[in-house]
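Some notes on the structure that comes next.
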Amino acid sequence: MSRVRLVFTGSGGQGVITAAIILAEAAVIHEGMNATQSQSYGAAARGGSTRSDIIISDKEIDFPEVTQPNVLVCLTQESYNSYSSIIRPGGILLTDSRYVQITRKVDAKQIQLAMYEKVMEIIGKPVVFNICVLGALISITEVVKPKAVLAAIVSKVPKDFIELNTQAFELGMELGADFSW
Amino acid sequence: MSRVRLVFTGSGGQGVITAAIILAEAAVIHEGMNATQSQSYGAAARGGSTRSDIIISDKEIDFPEVTQPNVLVCLTQESYNSYSSIIRPGGILLTDSRYVQITRKVDAKQIQLAMYEKVMEIIGKPVVFNICVLGALISITEVVKPKAVLAAIVSKVPKDFIELNTQAFELGMELGADFSW
Amino acid sequence: MAVKDYLRERFFPHMWCPGCGHGTILNSLIRAVEELDLNKNEIVMTSGIGCSARISGYVDFHSLHTLHGRALTFATGVKLSRPHLKVLVPMGDGDALAIGGNHFIHAARRNIDITAIVMNNRIYGMTGGQFSPLSGPGVKATTAPFLTIDSSFDVVELAKAAGATFVARSTAYHAKEATGYLKKAIMHKGFSVVEILSQCPTHYGRKNKEGDAVSMLELHKTNTAPLGSKALKENPSLTPRGIFVDVERPEYCSEYDKIIDYAMKEAR
Amino acid sequence: MAVKDYLRERFFPHMWCPGCGHGTILNSLIRAVEELDLNKNEIVMTSGIGCSARISGYVDFHSLHTLHGRALTFATGVKLSRPHLKVLVPMGDGDALAIGGNHFIHAARRNIDITAIVMNNRIYGMTGGQFSPLSGPGVKATTAPFLTIDSSFDVVELAKAAGATFVARSTAYHAKEATGYLKKAIMHKGFSVVEILSQCPTHYGRKNKEGDAVSMLELHKTNTAPLGSKALKENPSLTPRGIFVDVERPEYCSEYDKIIDYAMKEAR
Amino acid sequence: MSDNIRFIQGNEACVEGALYAGVEFFAGYPITPSTEIAERLSQRLPENGGKFIQMEDEIASMCAIIGASLTGRKVMTATSGPGFSLKQEAIGYACMTEIPCVIVNVMRGGPSTGNPTHVSQGDINQARWGTHGDHNIIALTASNHQDIFSITVDAFNFAETYRTPVILLLDEAVGHLREKLIIPEAGELPIVDRLRTSLGKGVDYHPYLPREDGRLPMSDFGGEHRYNVTGLFHDMWGFPSNNPKVVNELLRHLVDKIDNNIESITRYKEHFLDDAEYVFVSYGSAARSAIHLAKTRRARGEKIGVLELQSIWPFPKELVREKCADAKAVLVVEMNMGQVLAQVKAAVRKPGRVFLANRIDGKLITPSDIKKLLRVIQGRGV
Amino acid sequence: MSDNIRFIQGNEACVEGALYAGVEFFAGYPITPSTEIAERLSQRLPENGGKFIQMEDEIASMCAIIGASLTGRKVMTATSGPGFSLKQEAIGYACMTEIPCVIVNVMRGGPSTGNPTHVSQGDINQARWGTHGDHNIIALTASNHQDIFSITVDAFNFAETYRTPVILLLDEAVGHLREKLIIPEAGELPIVDRLRTSLGKGVDYHPYLPREDGRLPMSDFGGEHRYNVTGLFHDMWGFPSNNPKVVNELLRHLVDKIDNNIESITRYKEHFLDDAEYVFVSYGSAARSAIHLAKTRRARGEKIGVLELQSIWPFPKELVREKCADAKAVLVVEMNMGQVLAQVKAAVRKPGRVFLANRIDGKLITPSDIKKLLRVIQGRGV
Amino acid sequence: MAKKVLRELRLNRDWCKGCGICVSFCPKNVLELDSKDKVVAVRPEDCICCMLCELRCPDLAIEVLTDQESDNE
Amino acid sequence: MAKKVLRELRLNRDWCKGCGICVSFCPKNVLELDSKDKVVAVRPEDCICCMLCELRCPDLAIEVLTDQESDNE
Ligand SMILES: Cc1ncc(C[n+]2csc(CCOP(=O)(O)OP(=O)(O)O)c2C)c(N)n1
Ligand SMILES: Cc1ncc(C[n+]2csc(CCOP(=O)(O)OP(=O)(O)O)c2C)c(N)n1
Ligand code: SF4
Ligand code: SF4
Ligand code: SF4
Ligand code: SF4
Ligand code: SF4
Ligand code: SF4
Ligand SMILES: [Mg+2]
Ligand SMILES: [Mg+2]
């Protein structure tokens with residue numbers, strides 16, 4: 001796979017952007033790939049919906065925006081409604097079953113997982129929800145090796161939270177294990 | 001006479017510029033001529049030497065600076081030294097005998113008058129020295145009618161000082177009476 | 001009129017974060033206007049740039065959202081040309097006292113009849129959490145990773161020294177008190193300043209371990225005390241609340257009207 | 001070193017008008033420096049734009065003649081990057097407190113070790129006699145043909161409220177006193193302000209019928225009184241002279257050095 | 001001797017023009033060589049019931065006039081180089097919010113503090129590009145007092161017509177020169193008053209919805225229509241929007257409303273252009289020297305003409321192209337390093353035939369300075 | 001996995017470049033989308049013994065770095081649109097006094113507050129003409145993080161070499177984009193250190209007397225040589241002068257020292273230009289889209305090339321003329337109303353063949369936006 | 001003296017952002033956040049109409065509607 | 001105690017601008033302006049070396065040069 005285009009969407013507090021950065025950083029720093037990560041900025045850091053575009057490639061990446069993602073993650077109903085149509089035919093659309101009710105027909109593989117629920121059930125800390133999503137995504141798509149993502153998590157997260165995040169990532173991996181690209 | 005070019009020079013406090021403005025204003029407002037008056041500005045109103053250029057004409061005046069004046073007035077030695085050479089051949093160079101020692105040979109009619117001395121002697125107020133100079137100039141050159149200049153003086157000067165200025169102007173007229181262009 | 005009649009409801013819910021003190025200040029302000037029963041057509045609100053400055057979009061007055069730090073200068077133009085208008089100028093702490101500090105002291109000096117409201121959250125909210133001249137030392141901010149070393153202004157002292165004729169301070173916690181001060185300030189003839197301590201849980205609270213909006217409000221309560229109170233005497237490190245200045249001095253627009261009267265007579 | 005060794009004699013006689021108080025302030029200042037026996041290479045003088053600002057051309061220090069109102073900001077750059085230098089910032093009243101007011105209060109707030117000297121002639125001299133924020137009401141100026149209606153700042157109060165840790169006031173008449181205050185201000189560690197009343201006979205004096213330099217100096221004498229004096233108590237309309245503030249507070253550059261120490265350790 | 005003749009400075013002629021046009025509010029901060037404008041207005045405005053305020057700096061002055069304009073006043077400020085730089089942010093605000101105002105810049109030598117008491121025409125490009133972001137602007141100039149008066153009236157008229165800041169670029173030499181001005185009778189020059197909405201109370205008013213003819217009626221702050229004004233991109237109600245369509249349309253509107261009216265905005269004078277072999281393109285005080293030279297050489301039979309520009313921005317490209325079409329050579333006479341020169345070169349068919357006659361040392365360019373260059377171009381030697 | 005690989009924002013790449021170049025002092029005021037530069041430096045500078053100060057506004061920031069530079073430091077500030085407008089007066093001061101400094105402007109949508117969180121390239125002309133008076137400036141840009149890093153180093157090097165402010169024009173899209181940066185080893189990129197006078201104590205030092213090679217050695221404030229610095233026109237000792245000769249020579253020097261070195265200053269990259277029939281001239285984030293399109297069309301045999309400008313001012317006229325000489329058409333790809341377009345038109349032999357592919361709505365221009373215009377030009381329809 | 005009596009606690013769920021301020025500072029614990037982090041009145045009968053929730057809500061999401069009850073003692 | 005005795009009143013006529021400050025405020029009327037409005041010492045013998053003229057001169061045109069006289073009483 002020479003080039004993967006991903007779009008992560010959700011709401012301000014869900015850590016969508018952090019997840020995007022970790023994924024792209026894993027590709028660059030720990031796998032020697034090229035990657036770009038960009039995001040839409042609202043009027044500062046206040047709530048509202050968020051989108052982050054990631055491109056991972058072994059070649060140079062010029063235009064950094066994603067028009068048709070191979071992989072689309074929607075973590076709110078609003079973002080699902082706005083973005084589900086942009087998915088590339090045959091791509092993967094990952095949603096969380098607590099936040100998103102799948103309504104549309106899209107020419108893609110729609111995967112709904114109860115990630116939030118599981119995080120709350122098993123870990124009990126909503127802050128690591130985004131890492132769980134990332135875990136699920138990696139286990140479904142393997143765009144980057146799990147080891148690389150874990151390394152990126154370790155380098156990004158304060159020491160005291162590494163354990164928690166690792167746990168969330170592995171939980172996500174498990175949840176996604178039944179699906180594959 | 002379709003166009004006269006005058007340059008008045010002196011030091012900051014001598015009222016050179018006021019005299020120049022009154023003369024030009026007399027020509028414009030009271031004689032229906034065109035006139036321009038310009039001056040060199042130093043770094044604010046502080047002492048130093050001053051120069052004002054006046055052009056009086058019955059036509060439009062485009063370039064307002066005077067390169068070769070028909071009439072040059074020098075009220076300090078310094079200004080005499082710097083400017084006496086620019087006089088137009090055959091022009092008139094008026095100086096005050098208290099401030100200026102005539103040294104150079106110039107191709108012009110040099111007129112030295114004891115204007116300052118007379119002002120102090122007869123009127124006793126140094127502030128009207130400039131108006132006396134103007135009186136002398138008018139009586140020598142008649143570039144503008146005395147009546148017009150007086151009218152300009154009246155319109156420019158605070159009420160209480162009109163008398164004084166008129167006196168000075170007439171004194172100057174007398175001093176200049178022996179000379180003519 | 002009902003309180004909501006002073007709002008532009010179509011822009012609600014507003015853009016401020018959950019628990020942002022600026023919302024409470026908006027709340028206090030429209031209540032003050034409502035209780036004074038002012039005519040909406042005679043109120044102009046001028047604001048600068050910042051989270052705080054967005055307040056002007058939410059009120060159903062004449063609203064002028066201007067440049068960072070310059071709200072009071074636009075307001076001066078409005079007020080001097082139409083002295084019968086009430087001019088309200090809410091500002092962020094950076095807006096009012098970093099880039100806008102000069103206009104603040106000059107408006108106070110002129111004693112022009114404008115009401116300045118400093119929505120002081122001690123941080124640059126809009127740009128994401130840099131320290132402000134009201135942060136004070138020892139504060140963590142995105143531009144102070146090793147904690148601030150900058151002292152803060154005392155808005156009350158500065159306004160007073162510059163010549164403001166009404167100066168008060170309250171907090172978002174003391175919403176009722178704040179409303180009262182705002183009413184007095186608006187009715188005061190001359191330059192009035194009301195500093196209202198606000199909270200930015202998103203940037204200040206998070207970085208400085210002050211927790212969420214609720215616990216930040218607790219701090220408004222515990223770290224302040226009314227002027228003249230026993231608490232304040234016993235603990236001078238508390239921030240005093242109250243009305244610090246309320247005096248009369250010739251107001252700028254009225255004085256200018258006299259100039260006009262005189263000049264017009266002279267000119268005739 | 002002799003007093004004149006601190007001057008750039010080749011530019012004398014200087015450009016100021018006869019009797020301009022700014023000359024006396026220059027006089028006091030170089031005497032203060034001489035009495036303190038400072039090394040000329042370690043003095044930087046930064047000035048803005050105005051008649052007053054031309055002072056930097058006449059002293060044989062490192063001299064930086066900058067932009068109207070901004071002298072303190074350049075000075076902040078100089079001082080913070082080389083804290084061992086003495087930084088002197090003479091400013092006109094307009095320079096310091098009209099366009100430059102914000103930088104004035106912020107430098108005071110930071111308590112950065114700079115000496116600000118306000119050469120207060122209550123007028124814009126350089127541009128020909130417009131009123132300034134220190135003119136006060138009832139003054140005639142080219143932009144106030146009907147007399148000013150603007151109140152003036154009290155430089156001392158403003159500097160104090162903003163956080164200056166040394167604040168004094170004297171006049172061009174009290175040249176010896178002024179020299180003494182300047183010495184103290186220069187040696188003070190922190191932001192120091194010395195306001196020296198100056199006279200502009202050319203614009204202020206002439207327009208306001210205060211006569212020539214001599215009679216304006218007489219007014220410095222009769223309209224002021226030392227802090228704590230009987231005269232002042234009896235006549236509070238007099239302008240007080242003296243040292244109003246002289247306190248210690250952490251200085252900005254020293255505090256920043258601590259940040260560097262900490263950060264460098266952390267980074268290792 | 002008539003009551004309406006004045007012998008005054010160019011700066012004062014500008015003041016008289018502004019009063020004729022109906023200026024009601026001025027905010028400023030003194031600076032050489034524009035100060036006389038503030039000084040005169042501090043007297044003349046209150047005499048006429050208007051307001052003058054000296055602010056703490058140029059930024060404050062610019063902002064104050066915008067605030068005053070919104071309440072329905074005709075407003076103005078005046079400054080020079082350093083002050084003009086400081087005003088740039090707020091000038092951009094006036095562009096964006098489409099608030100009528102007139103900004104006079106009496107140019108002096110730059111950059112920086114430069115040469116405050118001497119003439120220059122160095123701020124031409126700054127008038128166009130001094131504020132950040134794409135936008136458009138109207139900038140006018142004049143070379144003598146009668147023209148200063150009427151171009152000042154035009155400035156106010158354009159500000160109202162196009163709801164835009166208008167820059168009046170005078171220079172030290174004309175600003176300080178004293179000469180005759182004949183004040184026109186009331187009614188002699190057309191005055192454009194503020195176009196106010198005819199919508200009454202209760203009817204929805206859209207401050208940023210252009211009429212058929214492209215104009216945007218205003219409603220005074222303090223009146224019946226309460227709306228929003230912001231320097232952010234905004235919709236027809238004046239509320240912030242970053243919707244790409246809204247952004248795109250507003251920006252194009254700001255640029256087009258001026259470019260599309262370039263013909264109505266263009267102001268110029270021609271002197272002996274009809275059969276001119278050599279065309280001087282000039283403006284402001286430099287044009288006086290160009291005209292002087294043209295007159296004296298005409299008297300000796302040389303076919304020299306002058307195109308005197310009075311509107312600089314939007315640059316009258318078509319006009320210049322047309323007027324210079326038959327010239328053997330075009331000399332741009334200005335007191336800067338060739339700012340209008342670049343525009344003229346871009347406008348004409350043969351840029352290789354366009355030359356610069358300039359002077360940048362603080363002295364007014366003289367007829368003989370121009371003559372020297374002309375002789376070189378004519379191959380006649382100096 | 002190497003220690004010198006980073007995955008960071010463009011703004012941070014700029015910070016890393018500045019540190020590599022030796023920046024020691026930063027003064028700034030936060031503003032979107034440049035704030036990350038200040039934020040990063042508030043950490044990285046003290047870690048390296050340097051100084052960071054957050055000033056009360058952008059004017060103060062600009063002045064503070066000039067003061068610091070005079071004491072011998074390498075200095076920098078960063079801002080965006082409104083702040084860039086505010087800095088203009090002081091940028092002119094740095095031009096006039098020839099004090100090395102680097103000003104980063106991360107461009108956002110304008111005019112005015114505009115579209116703060118969205119991309120634009122609208123400040124190109126302002127970088128050249130934002131301050132009053134004639135002057136000259138160097139302005140650089142880049143489209144990806146590796147280039148941002150090295151162009152930042154160039155910016156510091158040019159500032160020192162030519163004793164001038166250098167403007168670094170980034171844009172929101174590259175500023176906020178995260179991608180890979182490989183930090184070069186020490187010594188890999190050349191660093192120009194401050195040229196200090198070799199004159200010792202007691203020997204007369206002339207701060208404004210150029211050497212044979214045109215460079216002006218400096219002496220640190222606080223050192224042995226006490227001299228004067230002023231924004232007025234000044235003589236070789238730095239003292240004010242309005243002598244016309246002095247004024248004329250200084251202004252020409254300021255302009256010439258940059259124009260005469262345009263070849264050393266010019267920075268660009270070419271992509272498939274050799275046999276290109278269609279040339280895209282672009283820069284900054286827009287260039288990424290141009291390159292993207294060129295690559296994909298090349299793969300299908302279309303002869304498209306890209307001239308990516310990295311130095312905008314002084315405008316590399318000769319370079320552009322030459323590289324576009326054989327093109328059937330030139331498309332200037334930028335996110336403004338055609339600011340570089342005007343320069344390209346003035347540079348090339350056939351301006352009629354130059355077209356604008358732009359986008360001004362806050363969105364990054366896409367390869368397909370460009371393709372659409374290309375198809376129209378090619379007469380192939382959209 | 002007339003005493004206020006609660007008519008209705010009008011809670012605007014569309015505007016409420018769940019900050020919890022009203023909940024924490026209600027002297028009578030009348031309010032709570034539900035599972036969607038929106039305000040609900042769980043003990044309206046305890047409300048003393050002090051208005052503090054209305055005054056402090058940063059989102060203007062609360063209106064405490066009261067009736068005047070004449071005090072007939 | 002050592003007392004100062006006047007050695008020389010060094011008056012710089014090139015710098016003096018004739019403002020009259022030194023003249024007016026000299027406690028001993030030592031100084032005057034001449035016909036060219038320049039300072040001159042007309043009564044140097046009366047000078048008490050108070051230095052006030054030197055300190056106040058805005059043009060730095062005066063130097064009061066003194067010798068120390070030991071007080072031998
Ligand atoms: C001239 C200018 N400089 C900087 C900015 C960026 N900016 C926008 S808001 C702001 C500060 C906001 O802080 P504050 O005024 O305290 O308001 P808050 O957001 O905290 O309510 C800054 C620096 C700007 N818009 N314009
Ligand atoms: C930005 C800017 N605005 C205005 C000016 C014009 N200007 C020069 S000096 C000055 C004021 C001078 O007054 P003050 O600071 O009191 O100094 P003084 O001349 O009285 O000593 C002004 C307004 C300027 N040079 N730059
Ligand atoms: S960022 Fe802070 S100030 Fe801005 S809306 Fe959020 S909480 Fe309020
Ligand atoms: S104008 Fe006034 S301030 Fe300036 S030098 Fe003359 S007396 Fe001094
Ligand atoms: S205070 Fe307002 S926004 Fe906060 S929880 Fe209560 S109702 Fe909701
Ligand atoms: S009015 Fe008072 S008691 Fe009633 S819900 Fe609100 S805060 Fe609680
Ligand atoms: S004080 Fe100085 S300048 Fe004035 S008269 Fe005396 S010596 Fe001359
Ligand atoms: S030193 Fe004192 S006594 Fe002697 S001349 Fe000077 S002022 Fe007069
Ligand atoms: Mg704030
Ligand atoms: Mg002054």
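Quick note on naming: the chains in the structure tokens go A, B, ... in the order shown, residues restart at 1 in each chain, and ligands are numbered from 1 in order of appearance.
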
| task | Would you kindly return, as a ChimeraX atom specification, each protein, DNA or RNA residue with an atom no farther than 12 Å from any atom of stretch 228-230 of chain D, considering only C-alpha atoms and excluding same-chain residues fewer than 5 positions away? | result | /D:235-236,238-244

- Query: Could you name the residues that touch E:Ala27 at 6 Å or less, counting only C-alpha atoms, but leaving out those on the same chain fewer than 2 positions away, as a list in words?
  - Reply: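 Using only C-alpha atoms, the neighbours found are Phe52, Ile53, Gln54, Ser61 and Thr77 of chain E.
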
query = Looking only at the backbone, which of the residues in stretch 125-243 of chain F does DSSP tag as strand (DSSP E), as a list in words?
reply =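 Matching residues, listed in order: Ile138, Ala139, Leu140, Pro165, Val166, Ile167, Leu168, Leu169, Leu170, Asp171, Arg178, Glu179, Lys180, Leu181, Ile182, Asn228, Val229 and Thr230 of chain F.
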
Grab the residues selected above and save them as a JSON list (two decimals), in the first residue's frame with C-alpha atoms.
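Saved file selection29.json follows:
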```json
[["chain", "number", "residue", "atom", "x", "y", "z"],
["F", 138, "ILE", "CA", 13.84, 40.53, 1.50],
["F", 139, "ALA", "CA", 10.87, 38.18, 1.77],
["F", 140, "LEU", "CA", 11.11, 34.41, 1.68],
["F", 165, "PRO", "CA", 14.93, 42.90, 8.25],
["F", 166, "VAL", "CA", 13.95, 39.71, 6.47],
["F", 167, "ILE", "CA", 10.31, 38.71, 6.22],
["F", 168, "LEU", "CA", 9.42, 35.05, 6.28],
["F", 169, "LEU", "CA", 6.00, 34.58, 4.72],
["F", 170, "LEU", "CA", 4.54, 31.27, 5.73],
["F", 171, "ASP", "CA", 0.85, 30.48, 5.47],
["F", 178, "ARG", "CA", 2.27, 18.32, 10.55],
["F", 179, "GLU", "CA", 4.85, 16.37, 8.58],
["F", 180, "LYS", "CA", 8.34, 15.08, 8.74],
["F", 181, "LEU", "CA", 11.38, 17.23, 9.33],
["F", 182, "ILE", "CA", 14.90, 15.92, 9.39],
["F", 228, "ASN", "CA", 24.21, 56.70, 17.36],
["F", 229, "VAL", "CA", 21.32, 54.95, 15.71],
["F", 230, "THR", "CA", 18.35, 56.91, 14.38]]
```

Do you know which residues are at most 12 Å from A:Leu150 counting only C-alpha atoms, after dropping those on the same chain fewer than 2 positions away, and could you put them as JSON, numbers by chain? {"A": [19, 22, 23, 25, 26, 27, 29, 30, 31, 131, 132, 134, 135, 138, 144, 145, 146, 147, 148, 152, 153, 154, 155, 156, 157, 162, 163, 164, 165, 166, 167, 168, 169, 170, 173]}

Could you turn the residues from that selection into a file that holds N, CA and C atoms, as a CSV table (one decimal), in the first residue's frame?
```
chain,number,residue,atom,x,y,z
A,19,ALA,N,-5.4,11.5,18.4
A,19,ALA,CA,-5.3,10.2,17.8
A,19,ALA,C,-4.7,10.3,16.4
A,22,ILE,N,-0.9,10.9,16.6
A,22,ILE,CA,-0.2,9.7,17.1
A,22,ILE,C,0.0,8.8,15.9
A,23,LEU,N,-1.1,8.6,15.2
A,23,LEU,CA,-1.0,7.7,14.0
A,23,LEU,C,0.0,8.1,13.0
A,25,GLU,N,2.4,10.3,13.4
A,25,GLU,CA,3.8,10.3,13.9
A,25,GLU,C,4.4,8.8,14.0
A,26,ALA,N,3.5,7.9,14.3
A,26,ALA,CA,4.0,6.5,14.3
A,26,ALA,C,4.5,6.1,12.9
A,27,ALA,N,3.8,6.5,11.9
A,27,ALA,CA,4.2,6.2,10.6
A,27,ALA,C,5.6,6.9,10.2
A,29,ILE,N,8.0,8.5,12.4
A,29,ILE,CA,9.1,8.3,13.3
A,29,ILE,C,9.5,6.9,13.5
A,30,HIS,N,8.4,6.0,13.5
A,30,HIS,CA,8.7,4.6,13.9
A,30,HIS,C,8.6,3.7,12.7
A,31,GLU,N,8.2,4.2,11.6
A,31,GLU,CA,8.2,3.3,10.4
A,31,GLU,C,8.9,3.8,9.2
A,131,ILE,N,-7.7,6.6,22.1
A,131,ILE,CA,-6.7,5.6,21.9
A,131,ILE,C,-7.3,4.3,21.6
A,132,CYS,N,-8.4,4.0,22.2
A,132,CYS,CA,-9.1,2.7,22.0
A,132,CYS,C,-9.5,2.7,20.5
A,134,LEU,N,-8.2,4.3,18.1
A,134,LEU,CA,-7.0,4.1,17.3
A,134,LEU,C,-6.6,2.6,17.3
A,135,GLY,N,-6.7,2.0,18.4
A,135,GLY,CA,-6.4,0.5,18.5
A,135,GLY,C,-7.2,-0.3,17.5
A,138,ILE,N,-6.3,0.3,13.9
A,138,ILE,CA,-5.0,-0.4,13.6
A,138,ILE,C,-5.3,-1.9,13.4
A,144,VAL,N,-0.5,1.1,10.0
A,144,VAL,CA,0.8,1.2,10.6
A,144,VAL,C,0.9,0.1,11.6
A,145,LYS,N,2.1,-0.4,11.9
A,145,LYS,CA,2.2,-1.5,12.8
A,145,LYS,C,1.8,-1.1,14.2
A,146,PRO,N,1.1,-2.0,14.9
A,146,PRO,CA,0.7,-1.7,16.3
A,146,PRO,C,1.9,-1.3,17.2
A,147,LYS,N,3.1,-1.9,17.0
A,147,LYS,CA,4.2,-1.6,17.7
A,147,LYS,C,4.6,-0.1,17.6
A,148,ALA,N,4.5,0.3,16.3
A,148,ALA,CA,4.9,1.7,16.0
A,148,ALA,C,3.9,2.7,16.7
A,152,ALA,N,4.7,5.5,19.6
A,152,ALA,CA,4.3,6.9,19.5
A,152,ALA,C,3.5,7.3,20.7
A,153,ILE,N,2.7,6.4,21.1
A,153,ILE,CA,1.9,6.7,22.3
A,153,ILE,C,2.8,7.0,23.5
A,154,VAL,N,3.8,6.1,23.7
A,154,VAL,CA,4.7,6.2,24.8
A,154,VAL,C,5.4,7.6,24.7
A,155,SER,N,5.8,8.0,23.5
A,155,SER,CA,6.6,9.3,23.4
A,155,SER,C,5.7,10.5,23.6
A,156,LYS,N,4.4,10.4,23.5
A,156,LYS,CA,3.5,11.5,23.5
A,156,LYS,C,2.9,11.7,24.9
A,157,VAL,N,2.6,10.6,25.6
A,157,VAL,CA,1.8,10.7,26.7
A,157,VAL,C,2.6,10.8,28.0
A,162,ILE,N,0.8,6.2,30.6
A,162,ILE,CA,1.2,5.3,29.5
A,162,ILE,C,0.5,3.9,29.7
A,163,GLU,N,0.5,3.5,30.9
A,163,GLU,CA,-0.2,2.2,31.2
A,163,GLU,C,-1.7,2.2,30.7
A,164,LEU,N,-2.3,3.3,31.1
A,164,LEU,CA,-3.8,3.4,30.8
A,164,LEU,C,-4.0,3.5,29.3
A,165,ASN,N,-3.1,4.2,28.6
A,165,ASN,CA,-3.3,4.3,27.2
A,165,ASN,C,-3.0,3.0,26.5
A,166,THR,N,-2.0,2.3,27.0
A,166,THR,CA,-1.6,1.0,26.4
A,166,THR,C,-2.8,0.1,26.5
A,167,GLN,N,-3.4,0.1,27.7
A,167,GLN,CA,-4.5,-0.7,27.9
A,167,GLN,C,-5.7,-0.4,26.9
A,168,ALA,N,-5.9,0.9,26.8
A,168,ALA,CA,-7.0,1.3,25.9
A,168,ALA,C,-6.7,0.9,24.4
A,169,PHE,N,-5.4,1.0,24.1
A,169,PHE,CA,-5.0,0.7,22.7
A,169,PHE,C,-5.3,-0.8,22.5
A,170,GLU,N,-4.9,-1.6,23.5
A,170,GLU,CA,-5.0,-3.1,23.3
A,170,GLU,C,-6.5,-3.5,23.3
A,173,MET,N,-7.6,-2.8,19.9
A,173,MET,CA,-7.1,-3.9,19.0
A,173,MET,C,-8.0,-5.1,19.0
```

Compile the contact shell of G:Ile21 as a ChimeraX atom specification: residues with an atom at most 9 Å away, counting only C-alpha atoms, same-chain residues fewer than 5 positions apart removed.
-> /C:19,213-214,217 /G:26,53,56-58
